[in-house]
Structure formats: structure tokens, C-alpha cells
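Asker: input.csv is the file, holding CSV, N, CA, C and O atoms:
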```csv
chain,number,residue,atom,x,y,z
A,1,MET,N,194.4,145.1,209.0
A,1,MET,CA,195.2,146.2,208.8
A,1,MET,C,196.2,145.9,207.7
A,1,MET,O,196.7,144.8,207.6
A,2,LYS,N,196.5,146.9,206.9
A,2,LYS,CA,197.5,146.7,205.8
A,2,LYS,C,198.7,147.6,206.1
A,2,LYS,O,198.5,148.8,206.5
A,3,VAL,N,199.9,147.1,205.9
A,3,VAL,CA,201.1,147.9,206.1
A,3,VAL,C,201.9,147.8,204.8
A,3,VAL,O,202.2,146.7,204.3
A,4,LYS,N,202.1,149.0,204.3
A,4,LYS,CA,202.9,149.1,203.0
A,4,LYS,C,204.3,149.5,203.3
A,4,LYS,O,204.6,150.4,204.0
A,5,PHE,N,205.2,148.7,202.8
A,5,PHE,CA,206.6,148.9,202.9
A,5,PHE,C,207.2,149.7,201.7
A,5,PHE,O,207.4,149.1,200.7
A,6,ASN,N,207.4,151.0,201.9
A,6,ASN,CA,208.0,151.8,200.9
A,6,ASN,C,209.5,151.8,200.9
A,6,ASN,O,210.2,151.8,199.9
A,7,ASP,N,210.1,151.7,202.1
A,7,ASP,CA,211.5,151.8,202.3
A,7,ASP,C,212.2,150.5,202.6
A,7,ASP,O,213.0,150.0,201.8
A,8,PHE,N,211.8,149.8,203.7
A,8,PHE,CA,212.5,148.7,204.2
A,8,PHE,C,212.0,147.4,203.5
A,8,PHE,O,211.6,146.4,204.2
A,9,LYS,N,212.0,147.3,202.2
A,9,LYS,CA,211.4,146.2,201.5
A,9,LYS,C,212.2,144.9,201.7
A,9,LYS,O,211.6,143.8,201.7
A,10,ASP,N,213.5,145.0,201.9
A,10,ASP,CA,214.3,143.8,202.1
A,10,ASP,C,214.1,143.2,203.5
A,10,ASP,O,214.3,142.0,203.7
A,11,ASP,N,213.6,144.0,204.4
A,11,ASP,CA,213.4,143.6,205.8
A,11,ASP,C,212.0,143.4,206.2
A,11,ASP,O,211.6,143.3,207.4
A,12,LYS,N,211.1,143.3,205.2
A,12,LYS,CA,209.7,143.4,205.5
A,12,LYS,C,209.2,142.1,206.3
A,12,LYS,O,208.3,142.2,207.2
A,13,ARG,N,209.8,141.0,206.1
A,13,ARG,CA,209.4,139.8,206.8
A,13,ARG,C,209.7,139.9,208.3
A,13,ARG,O,208.9,139.7,209.2
A,14,GLU,N,210.9,140.3,208.6
A,14,GLU,CA,211.4,140.5,210.0
A,14,GLU,C,210.6,141.6,210.7
A,14,GLU,O,210.1,141.5,211.8
A,15,LEU,N,210.4,142.7,210.0
A,15,LEU,CA,209.6,143.9,210.6
A,15,LEU,C,208.2,143.5,210.8
A,15,LEU,O,207.6,143.8,211.8
A,16,THR,N,207.6,142.7,209.9
A,16,THR,CA,206.2,142.3,210.1
A,16,THR,C,206.1,141.3,211.2
A,16,THR,O,205.1,141.4,212.0
A,17,GLU,N,207.0,140.4,211.4
A,17,GLU,CA,207.0,139.5,212.5
A,17,GLU,C,207.1,140.3,213.9
A,17,GLU,O,206.4,140.0,214.8
A,18,ASN,N,208.0,141.3,213.9
A,18,ASN,CA,208.1,142.1,215.1
A,18,ASN,C,206.8,142.9,215.4
A,18,ASN,O,206.4,143.0,216.6
A,19,LEU,N,206.2,143.4,214.4
A,19,LEU,CA,205.0,144.1,214.5
A,19,LEU,C,203.9,143.2,215.1
A,19,LEU,O,203.1,143.6,216.0
A,20,CYS,N,203.8,142.0,214.5
A,20,CYS,CA,202.7,141.1,215.0
A,20,CYS,C,202.9,140.7,216.4
A,20,CYS,O,202.0,140.6,217.2
A,21,ASN,N,204.2,140.5,216.8
A,21,ASN,CA,204.5,140.1,218.2
A,21,ASN,C,204.2,141.2,219.2
A,21,ASN,O,203.7,141.0,220.3
A,22,SER,N,204.5,142.5,218.8
A,22,SER,CA,204.3,143.6,219.7
A,22,SER,C,202.8,144.0,219.9
A,22,SER,O,202.4,144.5,220.9
A,23,CYS,N,202.0,143.8,218.8
A,23,CYS,CA,200.6,144.2,219.0
A,23,CYS,C,199.6,143.0,219.1
A,23,CYS,O,198.4,143.2,219.2
A,24,GLY,N,200.1,141.8,219.0
A,24,GLY,CA,199.2,140.6,219.2
A,24,GLY,C,198.4,140.3,218.0
A,24,GLY,O,197.3,139.7,218.1
A,25,ALA,N,198.9,140.7,216.8
A,25,ALA,CA,198.2,140.4,215.6
A,25,ALA,C,198.7,139.2,214.9
A,25,ALA,O,199.7,138.7,215.2
A,26,LEU,N,197.9,138.7,213.9
A,26,LEU,CA,198.4,137.6,213.1
A,26,LEU,C,198.6,138.0,211.7
A,26,LEU,O,197.9,138.8,211.1
A,27,LEU,N,199.7,137.4,211.1
A,27,LEU,CA,200.0,137.7,209.7
A,27,LEU,C,199.1,136.9,208.8
A,27,LEU,O,199.0,135.7,208.9
A,28,VAL,N,198.3,137.6,208.0
A,28,VAL,CA,197.4,136.9,207.0
A,28,VAL,C,198.2,136.6,205.8
A,28,VAL,O,198.2,135.4,205.3
A,29,ARG,N,198.9,137.6,205.2
A,29,ARG,CA,199.6,137.3,204.0
A,29,ARG,C,200.5,138.5,203.6
A,29,ARG,O,200.2,139.7,204.0
A,30,ILE,N,201.5,138.3,202.9
A,30,ILE,CA,202.4,139.4,202.4
A,30,ILE,C,202.2,139.3,200.9
A,30,ILE,O,202.5,138.3,200.3
A,31,ILE,N,201.7,140.3,200.3
A,31,ILE,CA,201.6,140.4,198.8
A,31,ILE,C,202.4,141.6,198.3
A,31,ILE,O,202.1,142.7,198.6
A,32,GLY,N,203.5,141.3,197.6
A,32,GLY,CA,204.4,142.3,197.2
A,32,GLY,C,205.0,143.0,198.3
A,32,GLY,O,205.7,142.4,199.1
A,33,ASN,N,204.8,144.3,198.5
A,33,ASN,CA,205.3,145.0,199.6
A,33,ASN,C,204.3,145.4,200.6
A,33,ASN,O,204.5,146.4,201.4
A,34,ILE,N,203.2,144.7,200.6
A,34,ILE,CA,202.1,145.0,201.5
A,34,ILE,C,201.8,143.8,202.4
A,34,ILE,O,201.7,142.7,201.9
A,35,ALA,N,201.9,144.0,203.7
A,35,ALA,CA,201.6,143.0,204.7
A,35,ALA,C,200.2,143.2,205.2
A,35,ALA,O,199.8,144.3,205.6
A,36,ILE,N,199.4,142.1,205.3
A,36,ILE,CA,198.0,142.1,205.8
A,36,ILE,C,198.0,141.4,207.1
A,36,ILE,O,198.4,140.3,207.3
A,37,LEU,N,197.6,142.2,208.2
A,37,LEU,CA,197.6,141.7,209.5
A,37,LEU,C,196.1,141.6,210.0
A,37,LEU,O,195.3,142.4,209.6
A,38,TYR,N,195.9,140.7,211.0
A,38,TYR,CA,194.5,140.6,211.6
A,38,TYR,C,194.6,140.5,213.1
A,38,TYR,O,195.5,139.8,213.6
A,39,LYS,N,193.8,141.3,213.7
A,39,LYS,CA,193.7,141.2,215.2
A,39,LYS,C,192.2,141.3,215.5
A,39,LYS,O,191.5,142.2,215.1
A,40,GLU,N,191.7,140.3,216.3
A,40,GLU,CA,190.3,140.2,216.7
A,40,GLU,C,190.0,141.3,217.7
A,40,GLU,O,190.8,141.6,218.6
A,41,GLN,N,188.8,141.9,217.5
A,41,GLN,CA,188.3,143.0,218.4
A,41,GLN,C,188.2,142.3,219.8
A,41,GLN,O,187.6,141.3,219.9
A,42,GLU,N,188.7,143.0,220.8
A,42,GLU,CA,188.6,142.5,222.2
A,42,GLU,C,187.2,142.5,222.8
A,42,GLU,O,186.8,141.7,223.5
A,43,ASN,N,186.4,143.5,222.4
A,43,ASN,CA,185.0,143.7,222.9
A,43,ASN,C,184.1,142.9,222.0
A,43,ASN,O,183.9,143.2,220.8
A,44,PRO,N,183.4,141.8,222.5
A,44,PRO,CA,182.5,141.0,221.7
A,44,PRO,C,181.4,141.7,221.1
A,44,PRO,O,180.9,141.4,220.0
A,45,GLU,N,180.9,142.8,221.7
A,45,GLU,CA,179.8,143.6,221.2
A,45,GLU,C,180.2,144.3,219.9
A,45,GLU,O,179.4,144.5,219.0
A,46,LYS,N,181.5,144.7,219.8
A,46,LYS,CA,181.9,145.4,218.6
A,46,LYS,C,182.3,144.4,217.4
A,46,LYS,O,182.6,144.9,216.3
A,47,ARG,N,182.3,143.1,217.6
A,47,ARG,CA,182.6,142.1,216.6
A,47,ARG,C,181.5,141.9,215.6
A,47,ARG,O,181.6,141.4,214.6
A,48,LYS,N,180.3,142.3,216.0
A,48,LYS,CA,179.1,142.1,215.2
A,48,LYS,C,179.0,143.0,214.0
A,48,LYS,O,179.4,144.2,214.1
A,49,ILE,N,178.6,142.5,212.9
A,49,ILE,CA,178.4,143.3,211.7
A,49,ILE,C,176.9,143.6,211.6
A,49,ILE,O,176.1,142.7,211.5
A,50,LYS,N,176.6,144.9,211.5
A,50,LYS,CA,175.2,145.3,211.4
A,50,LYS,C,174.9,145.8,210.0
A,50,LYS,O,175.6,146.7,209.5
A,51,ILE,N,174.0,145.2,209.4
A,51,ILE,CA,173.6,145.6,208.0
A,51,ILE,C,172.3,146.3,208.0
A,51,ILE,O,171.4,146.0,208.6
```
Would you mind writing the structure in this file as C-alpha cells?
Answerer:
Amino acid sequence: MKVKFNDFKDDKRELTENLCNSCGALLVRIIGNIAILYKEQENPEKRKIKI
């Protein structure tokens, strides 16, 4: 999931940490004003990639 900070740019680290804690996601990286979060799918059947 990508979160773009248009307004609260100075508080993006704190807001991202709060968001990760509330939804159980992991912070992958912050690039500029965009935070990239990861959360594993709870259902193992939906984790598979079908090509």
C-alpha cells in the first residue's frame, strides 16, 4: 500500500508509525513524501499468484 503525504509532510514518520501500528502493517520505505507499507494477506489461499 502506498500513502502519499500532501499536507502533513513534517509529521510523515510519526503518522506512518501510527498507521502501521493500528493496521498491523510493516513500513517498507519512505521515498520523498510517499510511505510504502506491507501487510501479508491473512488467507493463505489468496497469497498465491496465478499467471
Asker: Figure out the distance between atom CA of Lys39 of chain A and atom CA of Gly24 of chain A, please, to one decimal in Å.
Answerer: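 Answer for the atom CA of Gly24 of chain A to atom CA of Lys39 of chain A separation: 6.8 Å.
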Asker: I'd like the interatomic distance between atom CA of Asp11 of chain A and atom CA of Cys23 of chain A, to a tenth of an Å.
Answerer: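 One can read the atom CA of Asp11 of chain A to atom CA of Cys23 of chain A distance as 18.4 Å.
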Asker: Give me, as a list of chain:residue names, all polymer residues having an atom no more than 8 Å from segment 12-21 of chain A, counting all atoms listed in the file and skipping those fewer than 6 positions away in the same chain.
Answerer: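 The residues that qualify are A:Phe5, A:Leu27, A:Gly32, A:Asn33, A:Ala35, A:Leu37, A:Tyr38.
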Asker: As an MDAnalysis selection string, which residues of chain A does DSSP assign to strand (DSSP E)?
Answerer: chainID A and resid 2:4 26:31 34:38
Asker: Apply DSSP to the backbone of this structure and, from chain A, keep only the residues in helix (DSSP H, G or I); write these as a ChimeraX atom specification.
Answerer: /A:9-23,44-47
Asker: Using N, CA, C and O atoms, can you write the selected residues to a file as a PDB file, in the coordinates of the input?
Answerer:
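Okay, again35.pdb is ready:
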```pdb
ATOM      1  N   LYS A   9     212.000 147.300 202.200  1.00  0.00           N
ATOM      2  CA  LYS A   9     211.400 146.200 201.500  1.00  0.00           C
ATOM      3  C   LYS A   9     212.200 144.900 201.700  1.00  0.00           C
ATOM      4  O   LYS A   9     211.600 143.800 201.700  1.00  0.00           O
ATOM      5  N   ASP A  10     213.500 145.000 201.900  1.00  0.00           N
ATOM      6  CA  ASP A  10     214.300 143.800 202.100  1.00  0.00           C
ATOM      7  C   ASP A  10     214.100 143.200 203.500  1.00  0.00           C
ATOM      8  O   ASP A  10     214.300 142.000 203.700  1.00  0.00           O
ATOM      9  N   ASP A  11     213.600 144.000 204.400  1.00  0.00           N
ATOM     10  CA  ASP A  11     213.400 143.600 205.800  1.00  0.00           C
ATOM     11  C   ASP A  11     212.000 143.400 206.200  1.00  0.00           C
ATOM     12  O   ASP A  11     211.600 143.300 207.400  1.00  0.00           O
ATOM     13  N   LYS A  12     211.100 143.300 205.200  1.00  0.00           N
ATOM     14  CA  LYS A  12     209.700 143.400 205.500  1.00  0.00           C
ATOM     15  C   LYS A  12     209.200 142.100 206.300  1.00  0.00           C
ATOM     16  O   LYS A  12     208.300 142.200 207.200  1.00  0.00           O
ATOM     17  N   ARG A  13     209.800 141.000 206.100  1.00  0.00           N
ATOM     18  CA  ARG A  13     209.400 139.800 206.800  1.00  0.00           C
ATOM     19  C   ARG A  13     209.700 139.900 208.300  1.00  0.00           C
ATOM     20  O   ARG A  13     208.900 139.700 209.200  1.00  0.00           O
ATOM     21  N   GLU A  14     210.900 140.300 208.600  1.00  0.00           N
ATOM     22  CA  GLU A  14     211.400 140.500 210.000  1.00  0.00           C
ATOM     23  C   GLU A  14     210.600 141.600 210.700  1.00  0.00           C
ATOM     24  O   GLU A  14     210.100 141.500 211.800  1.00  0.00           O
ATOM     25  N   LEU A  15     210.400 142.700 210.000  1.00  0.00           N
ATOM     26  CA  LEU A  15     209.600 143.900 210.600  1.00  0.00           C
ATOM     27  C   LEU A  15     208.200 143.500 210.800  1.00  0.00           C
ATOM     28  O   LEU A  15     207.600 143.800 211.800  1.00  0.00           O
ATOM     29  N   THR A  16     207.600 142.700 209.900  1.00  0.00           N
ATOM     30  CA  THR A  16     206.200 142.300 210.100  1.00  0.00           C
ATOM     31  C   THR A  16     206.100 141.300 211.200  1.00  0.00           C
ATOM     32  O   THR A  16     205.100 141.400 212.000  1.00  0.00           O
ATOM     33  N   GLU A  17     207.000 140.400 211.400  1.00  0.00           N
ATOM     34  CA  GLU A  17     207.000 139.500 212.500  1.00  0.00           C
ATOM     35  C   GLU A  17     207.100 140.300 213.900  1.00  0.00           C
ATOM     36  O   GLU A  17     206.400 140.000 214.800  1.00  0.00           O
ATOM     37  N   ASN A  18     208.000 141.300 213.900  1.00  0.00           N
ATOM     38  CA  ASN A  18     208.100 142.100 215.100  1.00  0.00           C
ATOM     39  C   ASN A  18     206.800 142.900 215.400  1.00  0.00           C
ATOM     40  O   ASN A  18     206.400 143.000 216.600  1.00  0.00           O
ATOM     41  N   LEU A  19     206.200 143.400 214.400  1.00  0.00           N
ATOM     42  CA  LEU A  19     205.000 144.100 214.500  1.00  0.00           C
ATOM     43  C   LEU A  19     203.900 143.200 215.100  1.00  0.00           C
ATOM     44  O   LEU A  19     203.100 143.600 216.000  1.00  0.00           O
ATOM     45  N   CYS A  20     203.800 142.000 214.500  1.00  0.00           N
ATOM     46  CA  CYS A  20     202.700 141.100 215.000  1.00  0.00           C
ATOM     47  C   CYS A  20     202.900 140.700 216.400  1.00  0.00           C
ATOM     48  O   CYS A  20     202.000 140.600 217.200  1.00  0.00           O
ATOM     49  N   ASN A  21     204.200 140.500 216.800  1.00  0.00           N
ATOM     50  CA  ASN A  21     204.500 140.100 218.200  1.00  0.00           C
ATOM     51  C   ASN A  21     204.200 141.200 219.200  1.00  0.00           C
ATOM     52  O   ASN A  21     203.700 141.000 220.300  1.00  0.00           O
ATOM     53  N   SER A  22     204.500 142.500 218.800  1.00  0.00           N
ATOM     54  CA  SER A  22     204.300 143.600 219.700  1.00  0.00           C
ATOM     55  C   SER A  22     202.800 144.000 219.900  1.00  0.00           C
ATOM     56  O   SER A  22     202.400 144.500 220.900  1.00  0.00           O
ATOM     57  N   CYS A  23     202.000 143.800 218.800  1.00  0.00           N
ATOM     58  CA  CYS A  23     200.600 144.200 219.000  1.00  0.00           C
ATOM     59  C   CYS A  23     199.600 143.000 219.100  1.00  0.00           C
ATOM     60  O   CYS A  23     198.400 143.200 219.200  1.00  0.00           O
ATOM     61  N   PRO A  44     183.400 141.800 222.500  1.00  0.00           N
ATOM     62  CA  PRO A  44     182.500 141.000 221.700  1.00  0.00           C
ATOM     63  C   PRO A  44     181.400 141.700 221.100  1.00  0.00           C
ATOM     64  O   PRO A  44     180.900 141.400 220.000  1.00  0.00           O
ATOM     65  N   GLU A  45     180.900 142.800 221.700  1.00  0.00           N
ATOM     66  CA  GLU A  45     179.800 143.600 221.200  1.00  0.00           C
ATOM     67  C   GLU A  45     180.200 144.300 219.900  1.00  0.00           C
ATOM     68  O   GLU A  45     179.400 144.500 219.000  1.00  0.00           O
ATOM     69  N   LYS A  46     181.500 144.700 219.800  1.00  0.00           N
ATOM     70  CA  LYS A  46     181.900 145.400 218.600  1.00  0.00           C
ATOM     71  C   LYS A  46     182.300 144.400 217.400  1.00  0.00           C
ATOM     72  O   LYS A  46     182.600 144.900 216.300  1.00  0.00           O
ATOM     73  N   ARG A  47     182.300 143.100 217.600  1.00  0.00           N
ATOM     74  CA  ARG A  47     182.600 142.100 216.600  1.00  0.00           C
ATOM     75  C   ARG A  47     181.500 141.900 215.600  1.00  0.00           C
ATOM     76  O   ARG A  47     181.600 141.400 214.600  1.00  0.00           O
TER      77      ARG A  47
END
```
Asker: For the atom pair atom C of Asp10 of chain A and atom O of Val28 of chain A, what is the interatomic distance in Å to one decimal place?
Answerer: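 The value is 17.8 Å.
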Asker: Might you pull out every residue within 8 Å of Ile36 of chain A, with all atoms listed in the file counted and same-chain residues fewer than 4 positions away left off, and present them as a count of residues only?
Answerer: 11
